[in-house]
file input19.cif (mmCIF, C-alpha atoms)
data_input
#
loop_
_atom_site.label_atom_id
_atom_site.label_comp_id
_atom_site.auth_asym_id
_atom_site.auth_seq_id
_atom_site.Cartn_x
_atom_site.Cartn_y
_atom_site.Cartn_z
CA MET A 300 -26.93 -15.01 -32.60
CA SER A 301 -26.69 -11.42 -31.37
CA ARG A 302 -29.79 -9.38 -30.88
CA GLN A 303 -30.45 -6.43 -33.15
CA ASP A 304 -28.35 -3.37 -32.33
CA SER A 305 -29.96 -0.62 -30.29
CA THR A 306 -29.49 3.12 -30.80
CA HIS A 307 -28.18 3.65 -27.28
CA VAL A 308 -25.10 1.43 -27.90
CA ASP A 309 -22.62 1.35 -30.78
CA SER A 310 -22.69 -2.46 -30.95
CA PRO A 311 -23.27 -5.40 -28.61
CA ALA A 312 -19.73 -6.63 -29.24
CA GLY A 313 -18.27 -3.20 -28.42
CA VAL A 314 -20.21 -2.91 -25.16
CA GLY A 315 -19.15 -6.44 -24.21
CA ALA A 316 -15.48 -5.78 -24.91
CA ARG A 317 -15.44 -2.52 -22.96
CA LEU A 318 -17.29 -4.07 -20.04
CA ARG A 319 -14.82 -6.95 -19.90
CA GLN A 320 -11.86 -4.53 -20.17
CA ALA A 321 -13.10 -2.26 -17.38
CA ARG A 322 -13.97 -5.20 -15.12
CA THR A 323 -10.56 -6.83 -15.64
CA GLU A 324 -8.68 -3.58 -15.02
CA ALA A 325 -10.65 -3.11 -11.83
CA GLY A 326 -9.76 -6.61 -10.66
CA LEU A 327 -13.43 -7.57 -10.29
CA ARG A 328 -15.37 -10.75 -11.01
CA GLN A 329 -18.64 -10.89 -12.84
CA ALA A 330 -20.24 -11.71 -9.50
CA ASP A 331 -18.93 -8.42 -8.11
CA LEU A 332 -20.93 -6.48 -10.74
CA SER A 333 -24.21 -8.35 -10.38
CA PHE A 334 -27.29 -6.81 -8.76
CA PRO A 335 -31.03 -7.57 -8.76
CA GLY A 336 -32.12 -7.65 -12.37
CA CYS A 337 -28.60 -8.19 -13.66
CA THR A 338 -27.34 -11.66 -12.83
CA ILE A 339 -23.89 -13.17 -13.34
CA GLY A 340 -25.24 -15.06 -16.34
CA TYR A 341 -26.64 -11.88 -17.88
CA ILE A 342 -23.29 -10.08 -17.41
CA SER A 343 -21.55 -13.02 -19.10
CA ARG A 344 -23.90 -12.71 -22.09
CA ILE A 345 -23.29 -8.94 -22.29
CA GLU A 346 -19.53 -9.52 -22.36
CA SER A 347 -19.89 -12.13 -25.09
CA GLY A 348 -21.99 -9.72 -27.19
CA ASP A 349 -25.14 -11.82 -26.96
CA ARG A 350 -27.20 -9.25 -25.04
CA VAL A 351 -27.80 -5.49 -25.33
CA PRO A 352 -28.16 -4.03 -21.83
CA SER A 353 -30.67 -1.28 -21.17
CA LEU A 354 -29.52 2.24 -20.38
CA GLN A 355 -30.42 1.65 -16.73
CA VAL A 356 -28.21 -1.45 -16.59
CA ILE A 357 -25.35 0.34 -18.36
CA ARG A 358 -25.62 3.19 -15.87
CA ARG A 359 -25.48 0.81 -12.89
CA LEU A 360 -22.52 -1.09 -14.33
CA ALA A 361 -20.67 2.16 -15.08
CA GLU A 362 -21.19 3.32 -11.49
CA ARG A 363 -19.84 0.07 -10.11
CA LEU A 364 -16.78 0.21 -12.38
CA GLY A 365 -16.13 3.93 -12.01
CA VAL A 366 -16.23 4.58 -15.76
CA ASP A 367 -18.21 6.97 -17.93
CA GLU A 368 -21.53 5.47 -19.07
CA ASP A 369 -21.17 7.04 -22.55
CA TRP A 370 -17.84 5.31 -22.95
CA LEU A 371 -19.29 1.99 -21.82
CA ALA A 372 -22.30 2.31 -24.14
CA ARG A 373 -20.74 3.78 -27.28
CA GLY A 374 -17.01 4.14 -26.74
CA VAL A 375 -17.36 7.93 -26.54
CA ASN A 376 -14.34 9.61 -24.91
CA ALA A 377 -11.61 7.77 -23.07
CA PRO A 378 -12.57 5.67 -20.04
CA ILE A 379 -12.24 7.29 -16.67
CA SER A 380 -10.05 4.76 -14.90
CA ALA A 381 -11.22 5.92 -11.50
CA VAL A 382 -10.62 2.54 -9.91
CA ALA A 383 -6.95 2.63 -10.84
CA ALA A 384 -6.71 6.28 -9.75
CA LEU A 385 -8.29 5.49 -6.37
CA LEU A 386 -5.75 2.73 -5.89
CA ASP A 387 -2.91 5.15 -6.71
CA ALA A 388 -4.31 7.67 -4.22
CA SER A 389 -4.65 5.00 -1.55
CA VAL A 390 -1.02 3.95 -1.97
CA ALA A 391 0.10 7.60 -1.84
CA LEU A 392 -1.89 8.07 1.38
CA ARG A 393 -0.31 5.03 3.01
CA LEU A 394 3.14 6.31 2.04
CA ASP A 395 2.29 9.71 3.61
CA ASP A 396 2.49 11.45 0.23
CA LEU A 397 -0.51 13.55 1.18
CA GLU A 398 -0.16 16.10 -1.60
CA THR A 399 -0.33 13.45 -4.32
CA ALA A 400 -3.22 11.68 -2.63
CA THR A 401 -5.14 14.96 -2.29
CA ALA A 402 -4.63 15.88 -5.94
CA ILE A 403 -5.91 12.50 -7.16
CA TYR A 404 -8.88 12.39 -4.80
CA GLU A 405 -9.93 15.94 -5.71
CA GLU A 406 -9.77 15.17 -9.44
CA ILE A 407 -11.94 12.06 -9.00
CA ALA A 408 -14.41 13.83 -6.71
CA TRP A 409 -14.98 16.54 -9.33
CA SER A 410 -14.92 14.45 -12.51
CA ALA A 411 -16.11 10.90 -11.79
CA PRO A 412 -19.65 10.26 -13.08
CA ALA A 413 -20.48 7.53 -10.58
CA ARG A 414 -21.78 8.54 -7.15
CA THR A 415 -20.01 5.59 -5.51
CA THR A 416 -16.70 6.69 -7.03
CA GLN A 417 -17.23 10.28 -5.94
CA ALA A 418 -18.04 9.04 -2.45
CA ALA A 419 -14.84 6.99 -2.33
CA ALA A 420 -12.86 10.08 -3.37
CA LEU A 421 -14.54 12.24 -0.72
CA ALA A 422 -13.78 9.57 1.85
CA GLY A 423 -10.16 9.62 0.70
CA LEU A 424 -10.03 13.38 1.23
CA GLY A 425 -11.43 12.78 4.70
CA GLN A 426 -8.62 10.29 5.38
CA VAL A 427 -6.06 12.90 4.26
CA SER A 428 -7.59 15.54 6.55
CA TYR A 429 -7.57 13.11 9.46
CA ARG A 430 -3.90 12.31 8.82
CA ARG A 431 -3.12 16.03 8.88
CA GLY A 432 -4.97 16.46 12.17
CA GLU A 433 -7.76 18.53 10.54
CA LEU A 434 -10.49 16.64 12.37
CA LEU A 435 -13.51 18.81 11.62
CA GLN A 436 -12.69 18.83 7.91
CA ALA A 437 -12.22 15.06 8.02
CA ILE A 438 -15.63 14.60 9.62
CA GLU A 439 -17.32 16.81 7.03
CA SER A 440 -15.75 14.96 4.07
CA LEU A 441 -16.50 11.52 5.48
CA GLU A 442 -20.09 12.41 6.37
CA ASN A 443 -20.60 13.77 2.85
CA ALA A 444 -19.21 10.56 1.40
CA PHE A 445 -21.69 8.38 3.28
CA GLU A 446 -24.56 10.73 2.39
CA LEU A 447 -23.64 10.54 -1.29
CA ALA A 448 -23.43 6.75 -1.37
CA PRO A 449 -23.74 4.60 1.77
CA ASP A 450 -21.80 1.71 0.18
CA PHE A 451 -18.59 2.52 -1.68
CA GLU A 452 -15.09 1.16 -2.10
CA ASP A 453 -13.25 1.00 1.25
CA ALA A 454 -16.31 2.19 3.20
CA VAL A 455 -15.11 0.11 6.15
CA ALA A 456 -11.89 2.12 6.47
CA ALA A 457 -13.88 5.34 6.07
CA ALA A 458 -16.21 4.33 8.92
CA ASP A 459 -13.18 3.51 11.06
CA THR A 460 -11.70 6.97 10.46
CA LEU A 461 -15.03 8.79 10.90
CA GLY A 462 -15.54 7.18 14.29
CA ARG A 463 -11.98 7.98 15.35
CA ALA A 464 -12.41 11.61 14.26
CA TYR A 465 -15.61 11.89 16.29
CA ALA A 466 -13.87 10.41 19.32
CA ARG A 467 -10.86 12.72 19.06
CA THR A 468 -13.10 15.79 18.95
CA GLY A 469 -14.93 14.64 22.07
CA ALA A 470 -18.10 13.47 20.27
CA GLU A 471 -18.07 10.07 22.00
CA ASP A 472 -21.78 9.42 21.40
CA ALA A 473 -21.34 9.86 17.64
CA ALA A 474 -18.25 7.65 17.67
CA ILE A 475 -20.08 4.97 19.62
CA ARG A 476 -22.98 5.02 17.11
CA VAL A 477 -20.61 4.56 14.17
CA PHE A 478 -18.59 1.77 15.75
CA ARG A 479 -21.67 -0.05 17.04
CA LEU A 480 -23.34 0.11 13.60
CA TRP A 481 -20.31 -1.34 11.82
CA LEU A 482 -19.72 -3.96 14.51
CA ASP A 483 -23.29 -5.14 14.00
CA ARG A 484 -22.73 -5.23 10.23
CA ALA A 485 -19.56 -7.26 10.65
CA ARG A 486 -21.33 -9.77 12.86
CA GLU A 487 -24.27 -10.06 10.48
CA ALA A 488 -21.86 -10.66 7.58
CA GLY A 489 -19.87 -13.24 9.55
CA ASP A 490 -16.76 -11.06 9.22
CA PRO A 491 -14.50 -11.79 12.24
CA ALA A 492 -11.70 -9.45 11.13
CA ASN A 493 -13.93 -6.38 11.04
CA GLY A 494 -15.78 -7.65 14.10
CA LEU A 495 -12.49 -7.43 15.97
CA ARG A 496 -11.68 -4.06 14.43
CA PHE A 497 -14.93 -2.35 15.39
CA GLY A 498 -15.25 -4.23 18.66
CA VAL A 499 -11.99 -2.77 19.93
CA LEU A 500 -12.83 0.69 18.54
CA LEU A 501 -16.25 0.59 20.20
CA ALA A 502 -14.73 -0.46 23.52
CA ASN A 503 -12.23 2.40 23.41
CA ALA A 504 -14.97 4.92 22.62
CA LEU A 505 -17.02 3.57 25.51
CA ILE A 506 -13.99 3.92 27.80
CA ASP A 507 -13.52 7.55 26.73
CA GLY A 508 -17.19 8.17 27.49
CA ALA A 509 -16.80 6.55 30.94
CA HIS A 510 -19.15 3.68 29.99
CA PHE A 511 -16.83 1.24 31.71
CA ARG A 512 -19.33 -1.53 32.30
CA GLU A 513 -20.38 -1.79 28.66
CA ALA A 514 -16.77 -1.44 27.51
CA ALA A 515 -15.81 -4.42 29.65
CA GLU A 516 -18.69 -6.44 28.18
CA VAL A 517 -17.65 -5.60 24.60
CA LEU A 518 -14.01 -6.46 25.30
CA GLY A 519 -15.03 -9.68 27.00
CA ALA A 520 -17.01 -10.71 23.92
CA VAL A 521 -14.14 -9.79 21.61
CA ILE A 522 -11.66 -11.76 23.73
CA ALA A 523 -13.95 -14.80 23.64
CA GLU A 524 -14.29 -14.55 19.86
CA THR A 525 -10.54 -14.21 19.28
CA ARG A 526 -9.15 -16.56 21.92
CA GLY A 527 -6.16 -18.29 20.45
CA GLY A 528 -6.09 -15.75 17.62
CA GLU A 529 -3.13 -14.08 15.96
CA PRO A 530 -0.87 -11.94 18.18
CA MET A 531 -1.78 -8.56 16.67
CA ALA A 532 -5.49 -9.08 17.34
CA LEU A 533 -4.87 -10.11 20.95
CA ALA A 534 -2.46 -7.22 21.47
CA ARG A 535 -5.14 -4.72 20.44
CA ILE A 536 -7.56 -6.28 22.92
CA TYR A 537 -5.07 -6.26 25.80
CA TRP A 538 -4.21 -2.65 25.00
CA SER A 539 -7.88 -1.70 25.28
CA GLN A 540 -8.18 -3.63 28.53
CA SER A 541 -5.19 -1.69 29.86
CA ARG A 542 -6.86 1.64 29.03
CA LEU A 543 -10.12 0.52 30.64
CA HIS A 544 -8.51 -0.41 33.94
CA ALA A 545 -6.22 2.65 33.93
CA LEU A 546 -9.22 4.96 33.70
CA LYS A 547 -10.95 2.96 36.44
CA ASP A 548 -7.93 3.78 38.63
CA GLU A 549 -6.73 0.16 38.75
CA PRO A 550 -3.04 0.57 37.80
CA ALA A 551 -1.92 -2.94 38.76
CA ILE A 552 -4.48 -4.62 36.49
CA ALA A 553 -3.85 -2.05 33.76
CA GLY A 554 -0.14 -2.77 33.96
CA ARG A 555 -0.66 -6.51 33.55
CA TYR A 556 -2.73 -6.02 30.41
CA ALA A 557 -0.28 -3.48 29.00
CA ARG A 558 2.59 -5.91 29.55
CA ARG A 559 0.67 -8.67 27.75
CA ALA A 560 0.12 -6.34 24.82
CA TYR A 561 3.75 -5.29 24.90
CA GLU A 562 5.02 -8.87 24.92
CA LEU A 563 2.80 -9.79 21.97
CA LEU A 564 3.79 -6.72 19.99
CA GLU A 565 7.49 -7.30 20.65
CA ALA A 566 7.07 -10.49 18.63
CA THR A 567 5.66 -8.61 15.66
CA GLU A 568 7.06 -6.09 13.18
CA HIS A 569 4.24 -3.62 13.63
CA THR A 570 6.39 -0.74 14.82
CA PHE A 571 3.64 1.81 15.29
CA LEU A 572 1.59 -0.36 17.63
CA ARG A 573 4.74 -1.34 19.50
CA ALA A 574 5.38 2.36 20.04
CA LYS A 575 1.84 2.90 21.30
CA ALA A 576 2.22 -0.10 23.60
CA HIS A 577 5.26 1.60 25.18
CA GLN A 578 3.12 4.70 25.74
CA SER A 579 0.31 2.65 27.30
CA LEU A 580 2.74 0.86 29.59
CA ALA A 581 4.34 4.18 30.58
CA PHE A 582 0.87 5.44 31.54
CA THR A 583 0.45 2.54 33.96
CA GLU A 584 3.97 2.93 35.35
CA LEU A 585 3.18 6.57 36.17
CA ASP A 586 -0.04 5.57 37.91
CA ALA A 587 1.96 3.04 39.91
CA GLY A 588 4.39 5.76 41.03
CA ARG A 589 7.38 4.82 38.84
CA PRO A 590 8.18 7.92 36.74
CA ASP A 591 11.76 6.82 35.91
CA GLU A 592 10.51 3.59 34.33
CA ALA A 593 7.83 5.58 32.51
CA LEU A 594 10.40 7.96 31.00
CA ASP A 595 12.51 5.03 29.82
CA LEU A 596 9.50 3.44 28.13
CA LEU A 597 8.50 6.74 26.52
CA GLY A 598 12.00 7.26 25.18
CA ARG A 599 12.06 3.83 23.56
CA GLY A 600 8.53 4.32 22.28
CA ARG A 601 9.38 7.67 20.67
CA ILE A 602 12.26 6.00 18.81
CA LEU A 603 9.87 3.33 17.51
CA LEU A 604 7.27 5.93 16.58
CA GLY A 605 9.76 7.78 14.41
CA GLU A 606 8.05 9.57 11.52
CA ALA A 607 5.01 7.27 11.59
CA GLY A 608 3.12 9.21 14.23
CA SER A 609 0.68 12.04 13.66
CA PRO A 610 0.92 15.29 15.67
CA GLN A 611 -1.74 13.79 17.97
CA ASP A 612 0.40 10.68 18.54
CA VAL A 613 3.43 12.82 19.38
CA ALA A 614 1.33 14.94 21.73
CA GLU A 615 0.09 11.87 23.59
CA PHE A 616 3.69 10.81 24.24
CA GLN A 617 4.60 14.32 25.39
CA ILE A 618 1.70 14.47 27.84
CA GLU A 619 2.97 11.35 29.60
CA GLU A 620 6.53 12.69 29.54
CA ALA A 621 5.36 15.95 31.15
CA ARG A 622 3.55 13.95 33.84
CA ALA A 623 6.71 11.95 34.54
CA LEU A 624 8.90 15.05 34.72
CA THR A 625 6.46 16.72 37.13
CA ARG A 626 6.61 13.70 39.43
CA LEU A 627 10.41 13.78 39.31
CA GLY A 628 10.46 17.44 40.35
CA GLU A 629 11.64 18.70 36.94
CA ILE A 630 9.01 21.44 37.05
CA GLU A 631 10.39 23.92 34.52
CA GLN A 632 11.08 21.20 31.97
CA ALA A 633 7.64 19.67 32.50
CA ALA A 634 5.92 23.03 32.07
CA ALA A 635 7.87 23.85 28.91
CA LEU A 636 7.04 20.48 27.38
CA ALA A 637 3.36 20.72 28.27
CA MET A 638 3.16 24.24 26.86
CA ALA A 639 4.73 23.03 23.60
CA THR A 640 2.27 20.14 23.48
CA ALA A 641 -0.90 22.18 23.97
CA PRO A 642 -1.05 23.60 20.40
CA LEU A 643 -0.91 20.06 18.98
CA LEU A 644 -4.16 19.27 20.80
CA ARG A 645 -6.35 22.12 19.57
CA GLU A 646 -8.46 19.78 17.45
CA GLY A 647 -7.71 16.68 19.46
CA HIS A 648 -9.67 14.89 22.14
CA PRO A 649 -10.77 17.21 24.99
CA LEU A 650 -9.55 14.63 27.50
CA ASP A 651 -5.99 14.92 26.18
CA ALA A 652 -6.14 18.71 26.02
CA GLY A 653 -7.48 18.87 29.57
CA ARG A 654 -4.81 16.52 30.87
CA CYS A 655 -2.14 18.64 29.19
CA TYR A 656 -3.35 21.90 30.72
CA GLY A 657 -3.71 20.14 34.06
CA GLU A 658 -0.06 19.10 33.95
CA ILE A 659 1.00 22.67 33.14
CA ALA A 660 -1.10 23.92 36.08
CA VAL A 661 0.53 21.44 38.49
CA ALA A 662 3.96 22.47 37.24
CA PHE A 663 3.32 26.19 37.78
CA ASP A 664 1.66 25.46 41.14
CA ARG A 665 4.76 23.62 42.34
CA ALA A 666 7.01 26.33 40.90
CA GLY A 667 5.30 28.90 43.15
CA GLU A 668 3.28 30.71 40.50
CA PRO A 669 -0.27 30.31 41.87
CA GLU A 670 -1.96 32.90 39.66
CA ARG A 671 -0.82 31.21 36.44
CA ALA A 672 -1.64 27.81 37.93
CA GLU A 673 -5.18 28.94 38.82
CA GLU A 674 -5.86 30.08 35.24
CA LEU A 675 -4.58 26.79 33.85
CA TYR A 676 -6.60 24.70 36.31
CA GLU A 677 -9.73 26.50 35.11
CA LEU A 678 -8.78 25.84 31.48
CA ALA A 679 -8.09 22.18 32.22
CA ILE A 680 -11.47 21.80 33.95
CA GLU A 681 -13.22 23.43 30.99
CA PHE A 682 -11.90 20.66 28.71
CA LEU A 683 -12.22 17.78 31.16
CA THR A 684 -15.84 18.42 32.17
CA GLN A 685 -17.06 17.25 28.75
CA THR A 686 -16.98 13.63 29.97
CA PRO A 687 -16.65 12.21 33.51
CA ASN A 688 -13.10 10.96 34.07
CA ARG A 689 -10.64 10.48 36.88
CA PHE A 690 -8.29 13.17 35.54
CA LEU A 691 -10.97 15.74 36.22
CA ALA A 692 -11.31 14.41 39.76
CA GLU A 693 -7.53 14.73 40.24
CA THR A 694 -7.58 18.26 38.81
CA TYR A 695 -10.35 19.26 41.24
CA LEU A 696 -8.20 17.95 44.11
CA HIS A 697 -5.07 19.87 43.06
CA TYR A 698 -7.05 23.03 42.33
CA GLY A 699 -8.84 22.81 45.67
CA GLU A 700 -5.51 22.50 47.48
CA LEU A 701 -4.21 25.61 45.68
CA LEU A 702 -7.32 27.63 46.57
CA GLU A 703 -7.12 26.50 50.18
CA ARG A 704 -3.47 27.60 50.44
CA GLN A 705 -4.51 30.99 49.08
CA GLY A 706 -7.14 31.32 51.79
CA LYS A 707 -10.06 31.03 49.37
CA LYS A 708 -11.90 28.58 51.58
CA ASP A 709 -15.38 28.89 50.03
CA ALA A 710 -14.05 28.40 46.51
CA ALA A 711 -11.88 25.50 47.70
CA PHE A 712 -14.87 23.84 49.39
CA ASP A 713 -16.91 24.14 46.17
CA VAL A 714 -14.11 22.55 44.11
CA TYR A 715 -13.58 19.76 46.66
CA LYS A 716 -17.32 19.10 46.63
CA ARG A 717 -17.38 18.78 42.85
CA GLY A 718 -14.40 16.43 43.02
CA MET A 719 -16.04 14.20 45.64
CA SER A 720 -19.29 14.08 43.65
CA LEU A 721 -17.36 13.05 40.53
CA ARG A 722 -15.48 10.37 42.46
CA ALA A 723 -18.78 8.89 43.57
CA GLU A 724 -20.11 8.99 40.00
CA LEU A 725 -17.01 7.23 38.66
CA GLU A 726 -17.24 4.56 41.35
CA GLN A 727 -20.84 3.95 40.36
CA LEU A 728 -19.89 3.63 36.68
CA ALA A 729 -17.11 1.20 37.54
CA ARG A 730 -19.31 -1.20 39.51
CA PRO A 731 -20.19 -4.47 37.73
#
call {"tool": "encode", "arguments": {"input": "input19.cif", "output": "structure tokens"}}
result
Amino acid sequence: MSRQDSTHVDSPAGVGARLRQARTEAGLRQADLSFPGCTIGYISRIESGDRVPSLQVIRRLAERLGVDEDWLARGVNAPISAVAALLDASVALRLDDLETATAIYEEIAWSAPARTTQAAALAGLGQVSYRRGELLQAIESLENAFELAPDFEDAVAAADTLGRAYARTGAEDAAIRVFRLWLDRAREAGDPANGLRFGVLLANALIDGAHFREAAEVLGAVIAETRGGEPMALARIYWSQSRLHALKDEPAIAGRYARRAYELLEATEHTFLRAKAHQSLAFTELDAGRPDEALDLLGRGRILLGEAGSPQDVAEFQIEEARALTRLGEIEQAAALAMATAPLLREGHPLDAGRCYGEIAVAFDRAGEPERAEELYELAIEFLTQTPNRFLAETYLHYGELLERQGKKDAAFDVYKRGMSLRAELEQLARP
């Protein structure tokens, strides 16, 4: 027998029917809606019309379903099918229909009554901004989402993007905090897939911050946990290992790991990662003194990348191409390419921007334009000094040579000294 109707609902049967409808449309189980004080059994009784939930329970259920609490309680107004709308926006985002995704996310962010739904929409807007290369806007939207509701739909993907955005703007410490937090959560939850995801992301952030020893430890743990795993997972690990050893100035080891990643990715249909593997392998070929092989790899990788790459992805390919052209003596072409690449890196990672300006400086230096080269070396150093890295050490060396040729011996000595000090620091960081 149903309990007596309450004034805050139209009828127990109506509440039950609407709850069941919203839950089914959202693709959720009764267990997915439960929380302390509202068990699976209690939700079942609400849906059958045998219980009248309190206003507090209705509010919590409405938040979890992304519907209006007045609609759930009394059938007032049409339901806000925010769950379905979020799914539509997510599909639009993955298909690179950014305008549609933005419109849907903005509507939900302004109109959804549930904080968790608003947070999911804000996170979606952050994903759109990240895809467009608007990194600071992406960070702001994603931070606001987590402040509004720390646990919302697709929070894992939002944390992934937030950490990446931090890393690309040079905020390695913030990126490391995010990735470490979510790696710990994945391990506590016994979630190996997200453990792999955030383990690799954390290792890459540690590499960018020159924390080579800890990066190697994280990658070692991830490799041990995924030994014998599926090819894509292992490819991501080998790719990270390649980056680690490349930045430690160990091109032979980096090349071996890049080739392992490449071989695994060749067996998959994941075109984007195959493209990035070509770029990683080209990086190691350049370090090994083989610019022709690097250009061939970059050409094939650019074909694979196609329209799937962001401006940052394209810029990363072009930096390596400019490096290869410089080493082949194609100075004017290298300089033109590097100059065209620089605007794509304005909101990117300082390391990439610094490398780009460094390549332009080398090109102008070799073309006999020392004044322009000197300005560009200074600009490159300004970006590269944000984290210790071997590219900064190389830039100090080239800049010192230029100053010495110009007869500026005191300035050259100072630059050489900074370069030697950095070399020693990097060697210390690289020691086990």
call {"tool": "residues_around", "arguments": {"input": "input19.cif", "residues": "Ala470 in chain A", "least_positions_apart": "4", "cutoff": "10 Å", "atoms": "only C-alpha atoms", "output": "PyMOL selection string"}}
result
chain A and resi 462-466+474-475+504+507-508+648-649+685-686
call {"tool": "resolve_selection", "arguments": {"input": "input19.cif", "expression": "the PyMOL selection byres ((chain A and resi 612) around 12)", "output": "MDAnalysis selection string"}}
result
chainID A and resid 430:432 467 571:572 574:575 578:579 600:601 604:611 613:619 640 643:644 647:648 651
call {"tool": "residues_around", "arguments": {"input": "input19.cif", "residues": "Gly718 in chain A", "least_positions_apart": "3", "cutoff": "9 Å", "atoms": "all atoms listed in the file", "output": "PyMOL selection string"}}
result
chain A and resi 691-696+699+713-715+721-723
call {"tool": "atom_distance", "arguments": {"input": "input19.cif", "atom1": "CA of Glu549 in chain A", "atom2": "CA of Tyr676 in chain A"}}
result
24.7 Å
call {"tool": "resolve_selection", "arguments": {"input": "input19.cif", "expression": "the PyMOL selection byres ((chain A and resi 353-358) around 8)", "output": "PyMOL selection string"}}
result
chain A and resi 307+337+351-352+359-362+368+371-372
call {"tool": "axis_aligned_box", "arguments": {"input": "input19.cif", "around": "range 704-720 of chain A", "padding_each_side": "3 Å", "output": "lines of an AutoDock Vina configuration file"}}
result
center_x = -11.4
center_y = 22.7
center_z = 47.3
size_x = 21.8
size_y = 23.2
size_z = 14.9
call {"tool": "residues_around", "arguments": {"input": "input19.cif", "residues": "Gly348 in chain A", "least_positions_apart": "4", "cutoff": "7 Å", "atoms": "all atoms listed in the file", "output": "list in words"}}
result
Ser301, Pro311, Ala312, Gly315 and Arg344 of chain A
call {"tool": "resolve_selection", "arguments": {"input": "input19.cif", "expression": "the PyMOL selection byres ((chain A and resi 535) around 10)", "output": "PDB file with C-alpha atoms, in the frame of the given file"}}
result
ATOM      1  CA  LEU A 495     -12.490  -7.430  15.970  1.00  0.00           C
ATOM      2  CA  ARG A 496     -11.680  -4.060  14.430  1.00  0.00           C
ATOM      3  CA  VAL A 499     -11.990  -2.770  19.930  1.00  0.00           C
ATOM      4  CA  LEU A 500     -12.830   0.690  18.540  1.00  0.00           C
ATOM      5  CA  PRO A 530      -0.870 -11.940  18.180  1.00  0.00           C
ATOM      6  CA  MET A 531      -1.780  -8.560  16.670  1.00  0.00           C
ATOM      7  CA  ALA A 532      -5.490  -9.080  17.340  1.00  0.00           C
ATOM      8  CA  LEU A 533      -4.870 -10.110  20.950  1.00  0.00           C
ATOM      9  CA  ALA A 534      -2.460  -7.220  21.470  1.00  0.00           C
ATOM     10  CA  ILE A 536      -7.560  -6.280  22.920  1.00  0.00           C
ATOM     11  CA  TYR A 537      -5.070  -6.260  25.800  1.00  0.00           C
ATOM     12  CA  TRP A 538      -4.210  -2.650  25.000  1.00  0.00           C
ATOM     13  CA  SER A 539      -7.880  -1.700  25.280  1.00  0.00           C
ATOM     14  CA  GLN A 540      -8.180  -3.630  28.530  1.00  0.00           C
ATOM     15  CA  SER A 541      -5.190  -1.690  29.860  1.00  0.00           C
ATOM     16  CA  ALA A 557      -0.280  -3.480  29.000  1.00  0.00           C
ATOM     17  CA  ALA A 560       0.120  -6.340  24.820  1.00  0.00           C
ATOM     18  CA  TYR A 561       3.750  -5.290  24.900  1.00  0.00           C
ATOM     19  CA  LEU A 563       2.800  -9.790  21.970  1.00  0.00           C
ATOM     20  CA  LEU A 564       3.790  -6.720  19.990  1.00  0.00           C
ATOM     21  CA  LEU A 572       1.590  -0.360  17.630  1.00  0.00           C
ATOM     22  CA  ALA A 576       2.220  -0.100  23.600  1.00  0.00           C
TER      23      ALA A 576
END
call {"tool": "atom_distance", "arguments": {"input": "input19.cif", "atom1": "CA of Arg476 in chain A", "atom2": "CA of His510 in chain A"}}
result
13.5 Å
call {"tool": "residues_around", "arguments": {"input": "input19.cif", "residues": "range 660-666 of chain A", "least_positions_apart": "5", "cutoff": "12 Å", "atoms": "only C-alpha atoms", "output": "PyMOL selection string"}}
result
chain A and resi 621-638+653-655+671-680+693-702+704-705
call {"tool": "atom_distance", "arguments": {"input": "input19.cif", "atom1": "CA of Ala545 in chain A", "atom2": "CA of Thr583 in chain A"}}
result
6.7 Å
call {"tool": "closest_residue", "arguments": {"input": "input19.cif", "among": "A:Ser343, A:Thr401, A:Thr684, A:Thr416", "to": "Pro449 in chain A", "atoms": "only C-alpha atoms"}}
result
A:Thr416
call {"tool": "closest_residue", "arguments": {"input": "input19.cif", "among": "A:Glu471, A:Glu439, A:Glu524, A:Glu703", "to": "Ile506 in chain A", "atoms": "all atoms listed in the file"}}
result
A:Glu471
call {"tool": "residues_around", "arguments": {"input": "input19.cif", "residues": "Asp453 in chain A", "least_positions_apart": "6", "cutoff": "10 Å", "atoms": "all atoms listed in the file", "output": "mmCIF file with C-alpha atoms, keeping the file's coordinate frame"}}
result
data_model
loop_
_atom_site.group_PDB
_atom_site.id
_atom_site.type_symbol
_atom_site.label_atom_id
_atom_site.label_comp_id
_atom_site.auth_asym_id
_atom_site.auth_seq_id
_atom_site.Cartn_x
_atom_site.Cartn_y
_atom_site.Cartn_z
ATOM 1 C CA SER A 389 -4.650 5.000 -1.550
ATOM 2 C CA ALA A 419 -14.840 6.990 -2.330
ATOM 3 C CA ALA A 422 -13.780 9.570 1.850
ATOM 4 C CA GLY A 423 -10.160 9.620 0.700
#
call {"tool": "closest_residue", "arguments": {"input": "input19.cif", "among": "A:Met719, A:Val427, A:Val366, A:Leu603", "to": "Asp395 in chain A", "atoms": "only C-alpha atoms"}}
result
A:Val427
